[in-house]
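Below is one structure, written out as structure tokens; comments come after it.
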Amino acid sequence: MGLLAHYSNLVEAGCDEAGRGCLAGPVVAAAVVLRNDADYPELNDSKQLTERKRMKLRELVMQEAISYGIGIVTAQEIDEINILNASFLAMHRALDQLTLQPELLLIDGNRFNPYKEVKHVCIVGGDAKYQSIAAASILAKTTRDMMMAQYDEQFPVYNWKKNKGYPTREHKQAIADYGTTPLHRMTFNMAIQLKLDLK
């Protein structure tokens, strides 16, 4: 799957996030530096993998990566700075965790706030094109899913262990029935969404 590196002679970090379109929970990002000459053909966009496969590849990434970092931005922070800036902040926090300074950042998507003085390239669909971005996608997704499963134990009526905080009909119905929690993002206009979807 995908290309091994954008430039074979640079230290590259792939970056991706998970949870941007959710009604509840944090946005989580990961940054991963892989060896430029290493090939992991099973790595792919986390959304294209089963949960079991993602967890298996999570262990592979954590074992094989030269360095990786995970950044988390809470629902409260998302409400303060908006989801787009929160996604960038999560990536910056992930990059802060790296044990070496990357020379180039491969960013999944079409926008990014520059990180320090490091050059970056935005790549739409990058998690299906570059293995380091795919690795970051897997770490971000699995980390967030595990967090939402833990939160589900506190607030089981929303069934976050299944919907992971995304705006499913079941999740929206639970909000209509039980209200919101401190883990819900209040800047999403839930009243409008509920009115449209549950009439």
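All residue names refer to the structure tokens as shown: chains lettered A, B, ... in order, residues numbered from 1 in each chain, ligands numbered from 1 in order.
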Problem - Which of segment 15-111 of chain A fall in strand (DSSP E), as a list of chain:residue names - result: A:Cys15, A:Asp16, A:Glu17, A:Ala18, A:Val27, A:Val28, A:Ala29, A:Ala30, A:Ala31, A:Val32, A:Val33, A:Ser67, A:Tyr68, A:Gly69, A:Ile70, A:Gly71, A:Ile72, A:Val73, A:Leu104, A:Leu105, A:Leu106, A:Ile107, A:Asp108
Emit the selected residues as a PDB file, in the first residue's frame, including N, CA and C atoms.
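Saved as out10.pdb:
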ATOM      1  N   CYS A  15       1.150  12.668   9.647  1.00  0.00           N
ATOM      2  CA  CYS A  15       0.224  13.177  10.670  1.00  0.00           C
ATOM      3  C   CYS A  15      -1.215  12.983  10.212  1.00  0.00           C
ATOM      4  N   ASP A  16      -2.052  12.548  11.147  1.00  0.00           N
ATOM      5  CA  ASP A  16      -3.482  12.426  10.862  1.00  0.00           C
ATOM      6  C   ASP A  16      -4.246  12.552  12.165  1.00  0.00           C
ATOM      7  N   GLU A  17      -5.555  12.794  12.052  1.00  0.00           N
ATOM      8  CA  GLU A  17      -6.389  12.946  13.243  1.00  0.00           C
ATOM      9  C   GLU A  17      -7.621  12.067  13.129  1.00  0.00           C
ATOM     10  N   ALA A  18      -8.290  11.899  14.262  1.00  0.00           N
ATOM     11  CA  ALA A  18      -9.533  11.132  14.313  1.00  0.00           C
ATOM     12  C   ALA A  18     -10.518  11.846  15.230  1.00  0.00           C
ATOM     13  N   VAL A  27     -10.733  15.267  20.015  1.00  0.00           N
ATOM     14  CA  VAL A  27     -10.109  14.985  18.733  1.00  0.00           C
ATOM     15  C   VAL A  27      -8.693  14.520  19.061  1.00  0.00           C
ATOM     16  N   VAL A  28      -8.272  13.452  18.404  1.00  0.00           N
ATOM     17  CA  VAL A  28      -6.979  12.822  18.697  1.00  0.00           C
ATOM     18  C   VAL A  28      -6.161  12.781  17.416  1.00  0.00           C
ATOM     19  N   ALA A  29      -4.906  13.158  17.507  1.00  0.00           N
ATOM     20  CA  ALA A  29      -4.007  13.109  16.357  1.00  0.00           C
ATOM     21  C   ALA A  29      -2.782  12.284  16.695  1.00  0.00           C
ATOM     22  N   ALA A  30      -2.124  11.812  15.656  1.00  0.00           N
ATOM     23  CA  ALA A  30      -0.871  11.088  15.842  1.00  0.00           C
ATOM     24  C   ALA A  30       0.132  11.553  14.800  1.00  0.00           C
ATOM     25  N   ALA A  31       1.389  11.454  15.161  1.00  0.00           N
ATOM     26  CA  ALA A  31       2.504  11.728  14.254  1.00  0.00           C
ATOM     27  C   ALA A  31       3.426  10.514  14.313  1.00  0.00           C
ATOM     28  N   VAL A  32       3.837  10.027  13.154  1.00  0.00           N
ATOM     29  CA  VAL A  32       4.640   8.808  13.102  1.00  0.00           C
ATOM     30  C   VAL A  32       5.804   8.999  12.138  1.00  0.00           C
ATOM     31  N   VAL A  33       6.987   8.620  12.598  1.00  0.00           N
ATOM     32  CA  VAL A  33       8.173   8.581  11.755  1.00  0.00           C
ATOM     33  C   VAL A  33       8.532   7.119  11.533  1.00  0.00           C
ATOM     34  N   SER A  67       9.832   6.822  15.775  1.00  0.00           N
ATOM     35  CA  SER A  67       9.249   7.643  16.830  1.00  0.00           C
ATOM     36  C   SER A  67       7.774   7.877  16.506  1.00  0.00           C
ATOM     37  N   TYR A  68       6.976   8.040  17.549  1.00  0.00           N
ATOM     38  CA  TYR A  68       5.576   8.396  17.339  1.00  0.00           C
ATOM     39  C   TYR A  68       5.104   9.240  18.513  1.00  0.00           C
ATOM     40  N   GLY A  69       4.077  10.031  18.257  1.00  0.00           N
ATOM     41  CA  GLY A  69       3.485  10.856  19.299  1.00  0.00           C
ATOM     42  C   GLY A  69       1.981  10.904  19.116  1.00  0.00           C
ATOM     43  N   ILE A  70       1.272  11.105  20.207  1.00  0.00           N
ATOM     44  CA  ILE A  70      -0.188  11.193  20.189  1.00  0.00           C
ATOM     45  C   ILE A  70      -0.612  12.476  20.889  1.00  0.00           C
ATOM     46  N   GLY A  71      -1.470  13.239  20.246  1.00  0.00           N
ATOM     47  CA  GLY A  71      -1.953  14.499  20.805  1.00  0.00           C
ATOM     48  C   GLY A  71      -3.456  14.471  20.987  1.00  0.00           C
ATOM     49  N   ILE A  72      -3.924  15.006  22.103  1.00  0.00           N
ATOM     50  CA  ILE A  72      -5.349  14.981  22.443  1.00  0.00           C
ATOM     51  C   ILE A  72      -5.827  16.399  22.748  1.00  0.00           C
ATOM     52  N   VAL A  73      -6.977  16.764  22.190  1.00  0.00           N
ATOM     53  CA  VAL A  73      -7.608  18.051  22.484  1.00  0.00           C
ATOM     54  C   VAL A  73      -9.028  17.756  22.953  1.00  0.00           C
ATOM     55  N   LEU A 104      10.319  17.073   7.434  1.00  0.00           N
ATOM     56  CA  LEU A 104       9.153  17.311   6.586  1.00  0.00           C
ATOM     57  C   LEU A 104       7.955  16.639   7.235  1.00  0.00           C
ATOM     58  N   LEU A 105       6.810  17.336   7.213  1.00  0.00           N
ATOM     59  CA  LEU A 105       5.564  16.790   7.737  1.00  0.00           C
ATOM     60  C   LEU A 105       4.638  16.460   6.575  1.00  0.00           C
ATOM     61  N   LEU A 106       4.110  15.253   6.588  1.00  0.00           N
ATOM     62  CA  LEU A 106       3.111  14.840   5.609  1.00  0.00           C
ATOM     63  C   LEU A 106       1.758  14.872   6.314  1.00  0.00           C
ATOM     64  N   ILE A 107       0.932  15.825   5.930  1.00  0.00           N
ATOM     65  CA  ILE A 107      -0.328  16.089   6.625  1.00  0.00           C
ATOM     66  C   ILE A 107      -1.494  15.544   5.812  1.00  0.00           C
ATOM     67  N   ASP A 108      -2.330  14.721   6.444  1.00  0.00           N
ATOM     68  CA  ASP A 108      -3.531  14.265   5.759  1.00  0.00           C
ATOM     69  C   ASP A 108      -4.545  15.411   5.720  1.00  0.00           C
TER      70      ASP A 108
END
Practice task
Using DSSP on the backbone coordinates, identify all residues within segment 83-193 of chain A classified as helix (DSSP H, G or I); present the result as a PyMOL selection string.
Solution key: chain A and resi 83-96+126-128+131-154+156-158+160-163+169-178+190-193
Practice task
Could you give me, as an MDAnalysis selection string, the residues within 12 Å of Tyr158 of chain A, counting only C-alpha atoms and dropping anything in the same chain fewer than 4 positions from it?
Solution key: chainID A and resid 23:25 148:149 151:154 162:181 183:184
Exercise for the section: Using only C-alpha atoms, determine which residues lie at most 8 Å from segment 42-52 of chain A, disregarding the query and same-chain residues fewer than 3 positions distant; provide the list as a PyMOL selection string. Expected result: chain A and resi 1-2+55-57+127-128+131+134-135+137-138+141
Could the residues in this selection be written to a file with C-alpha atoms, as a tab-separated table (two decimals), in the first residue's frame?
chain	number	residue	atom	x	y	z
A	1	MET	CA	0.00	0.00	0.00
A	2	GLY	CA	1.07	3.54	-0.71
A	55	MET	CA	-5.50	-3.01	16.81
A	56	LYS	CA	-3.04	-5.47	15.30
A	57	LEU	CA	-1.46	-2.74	13.18
A	127	ASP	CA	-3.78	8.07	4.68
A	128	ALA	CA	-4.31	5.90	1.60
A	131	GLN	CA	2.47	4.64	4.94
A	134	ALA	CA	-1.65	5.57	7.42
A	135	ALA	CA	0.29	4.65	10.56
A	137	SER	CA	-4.31	7.36	11.14
A	138	ILE	CA	-4.29	3.98	12.87
A	141	LYS	CA	-8.23	6.15	15.53
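In this model, the gap between atom CA of Arg185 of chain A and atom CA of Ile78 of chain A comes to 7.0 Å.
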Practice task
Quick one: pull the distance between atom CA of Ala38 of chain A and atom CA of Ser132 of chain A, Å, one decimal.
Solution key: 10.4 Å
Exercise for the section: Go through A:Ala90, A:Ala75, A:Ile133, A:Ile81 and flag the residue nearest Leu34 of chain A, using only C-alpha atoms for the distances. Expected result: A:Ile133
Handout entry: Selection near His120 of chain A, 12 Å with only C-alpha atoms, sequence-local residues under 6 positions removed, as a ChimeraX atom specification
Key = /A:6-7,10-15,102-114
Write out, as a tab-separated table (two decimals), in the first residue's frame, the residues just selected, with N, CA and C atoms.
chain	number	residue	atom	x	y	z
A	6	HIS	N	7.93	10.65	0.89
A	6	HIS	CA	7.80	11.72	-0.08
A	6	HIS	C	9.18	12.04	-0.67
A	7	TYR	N	10.17	12.18	0.21
A	7	TYR	CA	11.57	12.35	-0.17
A	7	TYR	C	12.38	11.32	0.61
A	10	LEU	N	14.90	12.51	3.61
A	10	LEU	CA	14.48	13.37	4.71
A	10	LEU	C	13.82	12.54	5.81
A	11	VAL	N	13.91	13.06	7.03
A	11	VAL	CA	13.16	12.48	8.14
A	11	VAL	C	11.74	13.03	8.06
A	12	GLU	N	10.79	12.14	7.76
A	12	GLU	CA	9.42	12.57	7.54
A	12	GLU	C	8.52	12.04	8.64
A	13	ALA	N	7.57	12.87	9.05
A	13	ALA	CA	6.54	12.45	10.00
A	13	ALA	C	5.19	12.55	9.32
A	14	GLY	N	4.47	11.45	9.31
A	14	GLY	CA	3.09	11.44	8.83
A	14	GLY	C	2.17	11.85	9.96
A	15	CYS	N	1.15	12.67	9.65
A	15	CYS	CA	0.22	13.18	10.67
A	15	CYS	C	-1.22	12.98	10.21
A	102	PRO	N	11.48	16.07	12.93
A	102	PRO	CA	11.28	15.76	11.51
A	102	PRO	C	11.71	16.92	10.63
A	103	GLU	N	12.08	16.58	9.40
A	103	GLU	CA	12.47	17.59	8.42
A	103	GLU	C	11.33	17.94	7.48
A	104	LEU	N	10.32	17.07	7.43
A	104	LEU	CA	9.15	17.31	6.59
A	104	LEU	C	7.95	16.64	7.23
A	105	LEU	N	6.81	17.34	7.21
A	105	LEU	CA	5.56	16.79	7.74
A	105	LEU	C	4.64	16.46	6.58
A	106	LEU	N	4.11	15.25	6.59
A	106	LEU	CA	3.11	14.84	5.61
A	106	LEU	C	1.76	14.87	6.31
A	107	ILE	N	0.93	15.82	5.93
A	107	ILE	CA	-0.33	16.09	6.63
A	107	ILE	C	-1.49	15.54	5.81
A	108	ASP	N	-2.33	14.72	6.44
A	108	ASP	CA	-3.53	14.27	5.76
A	108	ASP	C	-4.54	15.41	5.72
A	109	GLY	N	-5.00	15.74	4.53
A	109	GLY	CA	-5.97	16.83	4.39
A	109	GLY	C	-5.44	17.95	3.53
A	110	ASN	N	-6.16	19.06	3.51
A	110	ASN	CA	-5.78	20.18	2.62
A	110	ASN	C	-5.40	21.45	3.36
A	111	ARG	N	-5.39	21.42	4.72
A	111	ARG	CA	-5.03	22.63	5.47
A	111	ARG	C	-4.24	22.23	6.71
A	112	PHE	N	-3.37	23.16	7.15
A	112	PHE	CA	-2.57	22.90	8.34
A	112	PHE	C	-1.98	24.21	8.82
A	113	ASN	N	-1.89	24.36	10.14
A	113	ASN	CA	-1.16	25.49	10.72
A	113	ASN	C	0.29	25.08	10.87
A	114	PRO	N	1.23	25.85	10.31
A	114	PRO	CA	2.64	25.45	10.36
A	114	PRO	C	3.11	25.11	11.78
Practice task
Measure the distance from atom CA of Glu80 of chain A to atom CA of Pro182 of chain A in Å and round it to one decimal.
Solution key: 13.8 Å
